[in-house]
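Structure data (mmCIF, C-alpha atoms) from data.cif:
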data_run
loop_
_atom_site.group_PDB
_atom_site.id
_atom_site.type_symbol
_atom_site.label_atom_id
_atom_site.label_comp_id
_atom_site.auth_asym_id
_atom_site.auth_seq_id
_atom_site.Cartn_x
_atom_site.Cartn_y
_atom_site.Cartn_z
ATOM 1 C CA MET B 202 98.141 195.515 66.043
ATOM 2 C CA ALA B 203 95.109 193.792 67.613
ATOM 3 C CA ARG B 204 95.633 192.310 71.051
ATOM 4 C CA ALA B 205 95.796 188.510 70.953
ATOM 5 C CA GLY B 206 92.485 186.882 71.772
ATOM 6 C CA LEU B 207 90.310 189.896 71.084
ATOM 7 C CA THR B 208 87.820 189.449 68.274
ATOM 8 C CA ALA B 209 84.700 191.348 67.340
ATOM 9 C CA ASP B 210 82.540 188.367 68.338
ATOM 10 C CA ARG B 211 84.244 188.037 71.707
ATOM 11 C CA LEU B 212 83.847 191.766 72.359
ATOM 12 C CA VAL B 213 80.170 191.730 71.436
ATOM 13 C CA GLN B 214 79.504 188.717 73.659
ATOM 14 C CA ALA B 215 81.324 190.416 76.540
ATOM 15 C CA ALA B 216 79.397 193.652 75.906
ATOM 16 C CA ALA B 217 76.119 191.696 76.020
ATOM 17 C CA GLU B 218 77.117 190.127 79.339
ATOM 18 C CA LEU B 219 78.128 193.543 80.629
ATOM 19 C CA ALA B 220 74.755 194.949 79.543
ATOM 20 C CA ASP B 221 72.978 192.277 81.580
ATOM 21 C CA GLU B 222 75.145 193.115 84.604
ATOM 22 C CA ILE B 223 75.157 196.929 84.590
ATOM 23 C CA GLY B 224 72.501 197.956 82.069
ATOM 24 C CA PHE B 225 72.670 198.483 78.333
ATOM 25 C CA ASP B 226 72.813 202.258 78.692
ATOM 26 C CA LYS B 227 76.070 201.941 80.666
ATOM 27 C CA VAL B 228 77.882 199.822 78.078
ATOM 28 C CA THR B 229 80.731 201.871 76.616
ATOM 29 C CA VAL B 230 83.954 201.112 74.813
ATOM 30 C CA SER B 231 85.799 202.221 77.964
ATOM 31 C CA ALA B 232 83.789 199.888 80.212
ATOM 32 C CA LEU B 233 84.445 197.016 77.835
ATOM 33 C CA ALA B 234 88.165 197.836 77.637
ATOM 34 C CA ARG B 235 88.348 197.797 81.443
ATOM 35 C CA ARG B 236 86.716 194.360 81.442
ATOM 36 C CA PHE B 237 89.528 193.052 79.229
ATOM 37 C CA GLY B 238 92.254 195.054 80.973
ATOM 38 C CA VAL B 239 93.217 196.913 77.812
ATOM 39 C CA LYS B 240 93.155 200.490 76.579
ATOM 40 C CA ASP B 241 90.125 201.733 74.644
ATOM 41 C CA ALA B 242 92.204 202.029 71.481
ATOM 42 C CA SER B 243 92.758 198.250 71.489
ATOM 43 C CA LEU B 244 89.080 197.721 70.727
ATOM 44 C CA TYR B 245 88.802 200.065 67.762
ATOM 45 C CA SER B 246 90.334 197.537 65.393
ATOM 46 C CA HIS B 247 87.264 195.367 66.107
ATOM 47 C CA VAL B 248 84.441 197.912 66.548
ATOM 48 C CA LYS B 249 84.124 201.351 64.957
ATOM 49 C CA ASN B 250 82.754 203.207 67.961
ATOM 50 C CA ALA B 251 80.310 202.930 70.865
ATOM 51 C CA GLN B 252 77.298 203.064 68.538
ATOM 52 C CA ASP B 253 78.688 200.210 66.443
ATOM 53 C CA LEU B 254 79.258 198.169 69.607
ATOM 54 C CA LYS B 255 75.714 198.796 70.843
ATOM 55 C CA GLU B 256 74.239 197.984 67.455
ATOM 56 C CA ARG B 257 76.121 194.682 67.412
ATOM 57 C CA VAL B 258 74.788 193.830 70.881
ATOM 58 C CA ALA B 259 71.276 194.644 69.647
ATOM 59 C CA MET B 260 71.736 192.356 66.664
ATOM 60 C CA LEU B 261 73.029 189.574 68.929
ATOM 61 C CA ALA B 262 70.001 189.942 71.203
ATOM 62 C CA LEU B 263 67.553 189.966 68.283
ATOM 63 C CA GLY B 264 69.151 186.792 66.952
ATOM 64 C CA GLU B 265 69.050 185.035 70.306
ATOM 65 C CA MET B 266 65.399 185.944 70.834
ATOM 66 C CA ALA B 267 64.457 184.877 67.310
ATOM 67 C CA ASP B 268 66.118 181.489 67.798
ATOM 68 C CA LEU B 269 64.341 180.943 71.119
ATOM 69 C CA ALA B 270 60.986 182.078 69.735
ATOM 70 C CA ALA B 271 61.308 179.850 66.659
ATOM 71 C CA ASP B 272 61.990 176.842 68.882
ATOM 72 C CA ALA B 273 59.039 177.724 71.115
ATOM 73 C CA LEU B 274 56.672 178.165 68.149
ATOM 74 C CA ALA B 275 57.513 174.881 66.411
ATOM 75 C CA GLY B 276 54.300 172.929 65.870
ATOM 76 C CA ARG B 277 52.069 175.461 67.601
ATOM 77 C CA ALA B 278 49.199 177.584 66.319
ATOM 78 C CA GLY B 279 46.545 179.928 67.650
ATOM 79 C CA LYS B 280 46.598 180.684 71.351
ATOM 80 C CA ASP B 281 49.338 178.103 72.014
ATOM 81 C CA ALA B 282 51.614 179.931 69.570
ATOM 82 C CA LEU B 283 50.720 183.325 71.009
ATOM 83 C CA VAL B 284 51.483 182.194 74.566
ATOM 84 C CA ALA B 285 54.730 180.460 73.573
ATOM 85 C CA PHE B 286 55.888 183.542 71.689
ATOM 86 C CA ALA B 287 54.990 185.948 74.494
ATOM 87 C CA ASN B 288 56.536 183.771 77.192
ATOM 88 C CA THR B 289 59.769 183.536 75.222
ATOM 89 C CA TYR B 290 60.134 187.307 75.196
ATOM 90 C CA ARG B 291 59.175 187.690 78.847
ATOM 91 C CA THR B 292 61.613 184.997 79.958
ATOM 92 C CA TYR B 293 64.415 186.410 77.803
ATOM 93 C CA ALA B 294 63.853 189.896 79.234
ATOM 94 C CA LYS B 295 64.046 188.590 82.786
ATOM 95 C CA LEU B 296 67.151 186.485 82.147
ATOM 96 C CA HIS B 297 68.926 189.078 79.997
ATOM 97 C CA PRO B 298 67.646 192.555 80.907
ATOM 98 C CA GLY B 299 70.526 194.381 79.232
ATOM 99 C CA ARG B 300 70.258 192.407 76.027
ATOM 100 C CA TYR B 301 66.490 192.857 76.027
ATOM 101 C CA ALA B 302 67.023 196.625 76.307
ATOM 102 C CA ALA B 303 69.543 196.395 73.461
ATOM 103 C CA ALA B 304 66.958 194.707 71.254
ATOM 104 C CA GLN B 305 64.859 197.885 71.477
ATOM 105 C CA LEU B 306 67.645 200.003 69.949
ATOM 106 C CA PRO B 307 66.595 201.621 66.662
ATOM 107 C CA LEU B 308 68.934 200.215 64.019
ATOM 108 C CA ARG B 309 70.251 201.843 60.883
ATOM 109 C CA PRO B 310 68.326 200.484 57.859
ATOM 110 C CA GLU B 311 71.248 198.346 56.643
ATOM 111 C CA ALA B 312 71.786 196.914 60.139
ATOM 112 C CA ALA B 313 68.068 196.219 60.524
ATOM 113 C CA GLU B 314 68.094 194.386 57.193
ATOM 114 C CA ALA B 315 71.020 192.224 58.351
ATOM 115 C CA SER B 316 69.466 191.535 61.765
ATOM 116 C CA ALA B 317 66.918 188.957 62.882
ATOM 117 C CA ALA B 318 64.205 191.630 62.923
ATOM 118 C CA ARG B 319 62.665 190.157 59.770
ATOM 119 C CA ARG B 320 62.427 186.760 61.471
ATOM 120 C CA HIS B 321 60.552 188.350 64.379
ATOM 121 C CA SER B 322 58.130 189.954 61.965
ATOM 122 C CA GLU B 323 57.611 186.699 60.057
ATOM 123 C CA MET B 324 56.894 184.807 63.290
ATOM 124 C CA ASN B 325 54.414 187.478 64.375
ATOM 125 C CA ARG B 326 52.667 187.274 61.017
ATOM 126 C CA ALA B 327 52.548 183.469 61.151
ATOM 127 C CA ILE B 328 50.832 183.638 64.538
ATOM 128 C CA LEU B 329 48.340 186.185 63.237
ATOM 129 C CA ARG B 330 47.555 184.174 60.100
ATOM 130 C CA GLY B 331 46.489 181.437 62.514
ATOM 131 C CA TYR B 332 43.853 183.880 63.709
ATOM 132 C CA GLY B 333 42.803 184.616 60.134
ATOM 133 C CA LEU B 334 44.011 188.208 60.209
ATOM 134 C CA PRO B 335 44.828 189.691 56.792
ATOM 135 C CA GLU B 336 46.671 192.931 56.136
ATOM 136 C CA PRO B 337 46.372 195.701 57.266
ATOM 137 C CA ALA B 338 44.926 194.123 60.427
ATOM 138 C CA GLN B 339 48.165 192.125 60.866
ATOM 139 C CA THR B 340 50.218 195.303 61.124
ATOM 140 C CA ASP B 341 47.817 196.770 63.675
ATOM 141 C CA ALA B 342 47.828 193.537 65.684
ATOM 142 C CA ILE B 343 51.637 193.279 65.605
ATOM 143 C CA ARG B 344 51.859 196.780 67.042
ATOM 144 C CA MET B 345 49.295 195.924 69.725
ATOM 145 C CA LEU B 346 51.151 192.738 70.700
ATOM 146 C CA ALA B 347 54.546 194.435 70.755
ATOM 147 C CA GLY B 348 53.226 197.305 72.853
ATOM 148 C CA THR B 349 51.510 194.959 75.279
ATOM 149 C CA PHE B 350 54.435 192.547 75.662
ATOM 150 C CA HIS B 351 57.056 195.266 75.957
ATOM 151 C CA GLY B 352 54.960 197.449 78.233
ATOM 152 C CA TYR B 353 54.087 194.618 80.596
ATOM 153 C CA VAL B 354 57.611 193.230 80.772
ATOM 154 C CA THR B 355 59.193 196.660 81.222
ATOM 155 C CA LEU B 356 56.804 197.608 84.015
ATOM 156 C CA GLU B 357 57.154 194.210 85.679
ATOM 157 C CA MET B 358 60.960 194.362 85.633
ATOM 158 C CA ALA B 359 60.871 197.897 87.059
ATOM 159 C CA GLY B 360 58.811 196.656 90.016
ATOM 160 C CA ALA B 361 55.741 198.654 89.030
ATOM 161 C CA PHE B 362 53.400 195.785 89.933
ATOM 162 C CA SER B 363 54.880 195.121 93.372
ATOM 163 C CA HIS B 364 52.235 197.185 95.174
ATOM 164 C CA THR B 365 49.698 194.345 95.042
ATOM 165 C CA PRO B 366 49.885 190.771 96.312
ATOM 166 C CA ARG B 367 48.521 189.278 93.059
ATOM 167 C CA GLU B 368 51.294 187.354 91.296
ATOM 168 C CA THR B 369 52.482 189.023 88.116
ATOM 169 C CA SER B 370 52.428 185.652 86.366
ATOM 170 C CA VAL B 371 48.673 185.423 86.979
ATOM 171 C CA SER B 372 48.098 188.870 85.492
ATOM 172 C CA TRP B 373 50.404 187.957 82.575
ATOM 173 C CA SER B 374 48.333 184.850 81.883
ATOM 174 C CA ARG B 375 45.109 186.872 81.996
ATOM 175 C CA THR B 376 46.640 189.438 79.648
ATOM 176 C CA LEU B 377 47.461 186.678 77.147
ATOM 177 C CA ASP B 378 43.905 185.318 77.494
ATOM 178 C CA ALA B 379 42.556 188.794 76.704
ATOM 179 C CA LEU B 380 44.864 189.157 73.704
ATOM 180 C CA ASP B 381 43.685 185.786 72.388
ATOM 181 C CA VAL B 382 40.044 186.876 72.690
ATOM 182 C CA THR B 383 40.852 190.171 70.962
ATOM 183 C CA LEU B 384 42.656 188.443 68.088
ATOM 184 C CA ARG B 385 39.813 185.946 67.608
ATOM 185 C CA ASN B 386 37.320 188.826 67.508
ATOM 186 C CA TRP B 387 39.280 191.415 65.573
ATOM 187 C CA PRO B 388 37.036 194.318 64.545
ATOM 188 C CA PRO B 389 36.358 194.658 60.825
ATOM 189 C CA GLU B 390 38.040 197.501 58.957
#
Final structure tokens representation of the file:
Amino acid sequence: MARAGLTADRLVQAAAELADEIGFDKVTVSALARRFGVKDASLYSHVKNAQDLKERVAMLALGEMADLAADALAGRAGKDALVAFANTYRTYAKLHPGRYAAAQLPLRPEAAEASAARRHSEMNRAILRGYGLPEPAQTDAIRMLAGTFHGYVTLEMAGAFSHTPRETSVSWSRTLDALDVTLRNWPPE
């Protein structure tokens, strides 16, 4: 019988909080059970296994980021939309490093379909349509933006930019300026 008060949603929320505290890679069913003061077996009526738990945290994070990005993008276009979108991801990563890491987890196709991943893609494409980019340039630009945002944020959070006195926020702003210029001057196919 399931322990009173434990639900799948409550476990996933607690796992997301745990990920932010100790790192997504350290989230296990055992660590979560310890947090609730129960045996591991108590959780298996709510989650199938550690992979299921991690996938659910990833889906939670993708949903949270999509909601924040949608709010930030409302009424914006062009560079304003690009900056709002990028800043949403950077801020989320800093506030929720474990959840941000979870959002990078490769999902099974059926989980990906049920996640907010499609919303992220649609928002990316809406931004790029504002720059007049058709397919297949949109796909190339989405990959460039994702690589730039993720690479910058990951390096920044790891302290890789701490060797210089220039504020990382200044370099981030310049990076977004450069991306805007690139998108406005996308090379022809």
Using all atoms listed in the file, which of the listed residues (B:Ala304, B:Leu274, B:Ala234, B:Leu219) sits closest to B:Glu256? B:Ala304
Since I can't run it myself right now, could you work out what the PyMOL selection byres ((chain B and resi 350) around 10) selects here and report it as JSON, numbers by chain? {"B": [286, 287, 288, 290, 291, 344, 345, 346, 347, 348, 349, 351, 352, 353, 354, 355, 373, 376, 377]}
Which residues are close to B:Glu222, i.e. within 12 Å by all atoms listed in the file, leaving aside same-chain residues fewer than 4 positions away? Reply as a list of chain:residue names.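 In the requested format, the answer is B:Ala215, B:Ala216, B:Ala217, B:Glu218, B:Asp226, B:Lys227, B:Val228, B:Ala232, B:Leu296, B:His297, B:Pro298, B:Gly299, B:Arg300.
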Among listed residues B:Gln214, B:Gln252, B:Ser372, B:Asn386, nearest B:Pro307 (using all atoms listed in the file):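 Distance minimum relative to B:Pro307 lands on B:Gln252.
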Could you name the residues that touch stretch 311-325 of chain B at 12 Å or less, counting all atoms listed in the file, but leaving out those on the same chain fewer than 4 positions away, as number ranges by chain? B: 252-253, 255-275, 277-279, 282-287, 289-290, 304-307, 329-332, 334, 339-347
Contacts of B:Asn250 within 8 Å, only C-alpha atoms, excl. fewer than 4 positions in-chain, as a PyMOL selection string: chain B and resi 230+245+254
Suppose we keep C-alpha atoms; can you now write the selection as a PDB file, keeping the file's coordinate frame?
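Output file selection20.pdb follows:
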ATOM      1  CA  VAL B 230      83.954 201.112  74.813  1.00  0.00           C
ATOM      2  CA  TYR B 245      88.802 200.065  67.762  1.00  0.00           C
ATOM      3  CA  LEU B 254      79.258 198.169  69.607  1.00  0.00           C
TER       4      LEU B 254
END
So which one's closest to B:Ala251, B:Leu212, B:Val371, B:Phe237, B:Ala361? Using all atoms listed in the file, please.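 Checking each candidate against B:Ala251, we get B:Leu212 as the closest.
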Could you please fill out stretch 343-368 of chain B with N, CA, C and O atoms and send it back as a PDB file, in the frame of the given file?
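out_8.pdb, written as the output of this step:
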ATOM      1  N   ILE B 343      50.216 193.385  65.226  1.00  0.00           N
ATOM      2  CA  ILE B 343      51.637 193.279  65.605  1.00  0.00           C
ATOM      3  C   ILE B 343      52.008 194.433  66.528  1.00  0.00           C
ATOM      4  O   ILE B 343      52.684 194.240  67.543  1.00  0.00           O
ATOM      5  N   ARG B 344      51.553 195.612  66.201  1.00  0.00           N
ATOM      6  CA  ARG B 344      51.859 196.780  67.042  1.00  0.00           C
ATOM      7  C   ARG B 344      51.204 196.642  68.410  1.00  0.00           C
ATOM      8  O   ARG B 344      51.788 196.998  69.436  1.00  0.00           O
ATOM      9  N   MET B 345      49.981 196.130  68.449  1.00  0.00           N
ATOM     10  CA  MET B 345      49.295 195.924  69.725  1.00  0.00           C
ATOM     11  C   MET B 345      50.050 194.894  70.571  1.00  0.00           C
ATOM     12  O   MET B 345      50.287 195.111  71.765  1.00  0.00           O
ATOM     13  N   LEU B 346      50.435 193.777  69.959  1.00  0.00           N
ATOM     14  CA  LEU B 346      51.151 192.738  70.700  1.00  0.00           C
ATOM     15  C   LEU B 346      52.487 193.256  71.211  1.00  0.00           C
ATOM     16  O   LEU B 346      52.833 193.053  72.383  1.00  0.00           O
ATOM     17  N   ALA B 347      53.238 193.918  70.347  1.00  0.00           N
ATOM     18  CA  ALA B 347      54.546 194.435  70.755  1.00  0.00           C
ATOM     19  C   ALA B 347      54.405 195.431  71.908  1.00  0.00           C
ATOM     20  O   ALA B 347      55.159 195.366  72.889  1.00  0.00           O
ATOM     21  N   GLY B 348      53.445 196.315  71.795  1.00  0.00           N
ATOM     22  CA  GLY B 348      53.226 197.305  72.853  1.00  0.00           C
ATOM     23  C   GLY B 348      52.819 196.648  74.164  1.00  0.00           C
ATOM     24  O   GLY B 348      53.293 197.032  75.239  1.00  0.00           O
ATOM     25  N   THR B 349      51.962 195.650  74.074  1.00  0.00           N
ATOM     26  CA  THR B 349      51.510 194.959  75.279  1.00  0.00           C
ATOM     27  C   THR B 349      52.639 194.162  75.908  1.00  0.00           C
ATOM     28  O   THR B 349      52.888 194.270  77.116  1.00  0.00           O
ATOM     29  N   PHE B 350      53.337 193.359  75.114  1.00  0.00           N
ATOM     30  CA  PHE B 350      54.435 192.547  75.662  1.00  0.00           C
ATOM     31  C   PHE B 350      55.513 193.431  76.274  1.00  0.00           C
ATOM     32  O   PHE B 350      55.938 193.228  77.405  1.00  0.00           O
ATOM     33  N   HIS B 351      55.964 194.411  75.489  1.00  0.00           N
ATOM     34  CA  HIS B 351      57.056 195.266  75.957  1.00  0.00           C
ATOM     35  C   HIS B 351      56.627 196.093  77.170  1.00  0.00           C
ATOM     36  O   HIS B 351      57.369 196.201  78.145  1.00  0.00           O
ATOM     37  N   GLY B 352      55.441 196.642  77.108  1.00  0.00           N
ATOM     38  CA  GLY B 352      54.960 197.449  78.233  1.00  0.00           C
ATOM     39  C   GLY B 352      54.848 196.634  79.504  1.00  0.00           C
ATOM     40  O   GLY B 352      55.316 197.048  80.573  1.00  0.00           O
ATOM     41  N   TYR B 353      54.262 195.459  79.413  1.00  0.00           N
ATOM     42  CA  TYR B 353      54.087 194.618  80.596  1.00  0.00           C
ATOM     43  C   TYR B 353      55.437 194.224  81.175  1.00  0.00           C
ATOM     44  O   TYR B 353      55.686 194.373  82.375  1.00  0.00           O
ATOM     45  N   VAL B 354      56.307 193.709  80.317  1.00  0.00           N
ATOM     46  CA  VAL B 354      57.611 193.230  80.772  1.00  0.00           C
ATOM     47  C   VAL B 354      58.436 194.371  81.370  1.00  0.00           C
ATOM     48  O   VAL B 354      59.070 194.210  82.416  1.00  0.00           O
ATOM     49  N   THR B 355      58.429 195.517  80.738  1.00  0.00           N
ATOM     50  CA  THR B 355      59.193 196.660  81.222  1.00  0.00           C
ATOM     51  C   THR B 355      58.677 197.114  82.591  1.00  0.00           C
ATOM     52  O   THR B 355      59.462 197.357  83.514  1.00  0.00           O
ATOM     53  N   LEU B 356      57.388 197.217  82.732  1.00  0.00           N
ATOM     54  CA  LEU B 356      56.804 197.608  84.015  1.00  0.00           C
ATOM     55  C   LEU B 356      57.064 196.551  85.089  1.00  0.00           C
ATOM     56  O   LEU B 356      57.418 196.883  86.227  1.00  0.00           O
ATOM     57  N   GLU B 357      56.920 195.292  84.722  1.00  0.00           N
ATOM     58  CA  GLU B 357      57.154 194.210  85.679  1.00  0.00           C
ATOM     59  C   GLU B 357      58.601 194.230  86.177  1.00  0.00           C
ATOM     60  O   GLU B 357      58.862 194.122  87.379  1.00  0.00           O
ATOM     61  N   MET B 358      59.546 194.359  85.250  1.00  0.00           N
ATOM     62  CA  MET B 358      60.960 194.362  85.633  1.00  0.00           C
ATOM     63  C   MET B 358      61.325 195.589  86.465  1.00  0.00           C
ATOM     64  O   MET B 358      62.247 195.529  87.285  1.00  0.00           O
ATOM     65  N   ALA B 359      60.615 196.687  86.285  1.00  0.00           N
ATOM     66  CA  ALA B 359      60.871 197.897  87.059  1.00  0.00           C
ATOM     67  C   ALA B 359      60.215 197.849  88.444  1.00  0.00           C
ATOM     68  O   ALA B 359      60.393 198.760  89.244  1.00  0.00           O
ATOM     69  N   GLY B 360      59.462 196.783  88.717  1.00  0.00           N
ATOM     70  CA  GLY B 360      58.811 196.656  90.016  1.00  0.00           C
ATOM     71  C   GLY B 360      57.500 197.406  90.130  1.00  0.00           C
ATOM     72  O   GLY B 360      56.968 197.578  91.224  1.00  0.00           O
ATOM     73  N   ALA B 361      56.955 197.838  89.006  1.00  0.00           N
ATOM     74  CA  ALA B 361      55.741 198.654  89.030  1.00  0.00           C
ATOM     75  C   ALA B 361      54.506 197.889  89.513  1.00  0.00           C
ATOM     76  O   ALA B 361      53.521 198.506  89.903  1.00  0.00           O
ATOM     77  N   PHE B 362      54.557 196.572  89.498  1.00  0.00           N
ATOM     78  CA  PHE B 362      53.400 195.785  89.933  1.00  0.00           C
ATOM     79  C   PHE B 362      53.553 195.251  91.349  1.00  0.00           C
ATOM     80  O   PHE B 362      52.736 194.458  91.814  1.00  0.00           O
ATOM     81  N   SER B 363      54.584 195.672  92.048  1.00  0.00           N
ATOM     82  CA  SER B 363      54.880 195.121  93.372  1.00  0.00           C
ATOM     83  C   SER B 363      53.966 195.646  94.476  1.00  0.00           C
ATOM     84  O   SER B 363      54.030 195.169  95.595  1.00  0.00           O
ATOM     85  N   HIS B 364      53.112 196.592  94.165  1.00  0.00           N
ATOM     86  CA  HIS B 364      52.235 197.185  95.174  1.00  0.00           C
ATOM     87  C   HIS B 364      51.016 196.328  95.497  1.00  0.00           C
ATOM     88  O   HIS B 364      50.229 196.670  96.365  1.00  0.00           O
ATOM     89  N   THR B 365      50.848 195.209  94.814  1.00  0.00           N
ATOM     90  CA  THR B 365      49.698 194.345  95.042  1.00  0.00           C
ATOM     91  C   THR B 365      50.165 192.910  95.249  1.00  0.00           C
ATOM     92  O   THR B 365      51.165 192.491  94.662  1.00  0.00           O
ATOM     93  N   PRO B 366      49.454 192.146  96.054  1.00  0.00           N
ATOM     94  CA  PRO B 366      49.885 190.771  96.312  1.00  0.00           C
ATOM     95  C   PRO B 366      49.617 189.799  95.148  1.00  0.00           C
ATOM     96  O   PRO B 366      50.165 188.702  95.141  1.00  0.00           O
ATOM     97  N   ARG B 367      48.822 190.193  94.180  1.00  0.00           N
ATOM     98  CA  ARG B 367      48.521 189.278  93.059  1.00  0.00           C
ATOM     99  C   ARG B 367      49.808 189.015  92.273  1.00  0.00           C
ATOM    100  O   ARG B 367      50.524 189.940  91.882  1.00  0.00           O
ATOM    101  N   GLU B 368      50.092 187.748  92.034  1.00  0.00           N
ATOM    102  CA  GLU B 368      51.294 187.354  91.296  1.00  0.00           C
ATOM    103  C   GLU B 368      51.269 187.938  89.883  1.00  0.00           C
ATOM    104  O   GLU B 368      50.240 187.892  89.209  1.00  0.00           O
TER     105      GLU B 368
END
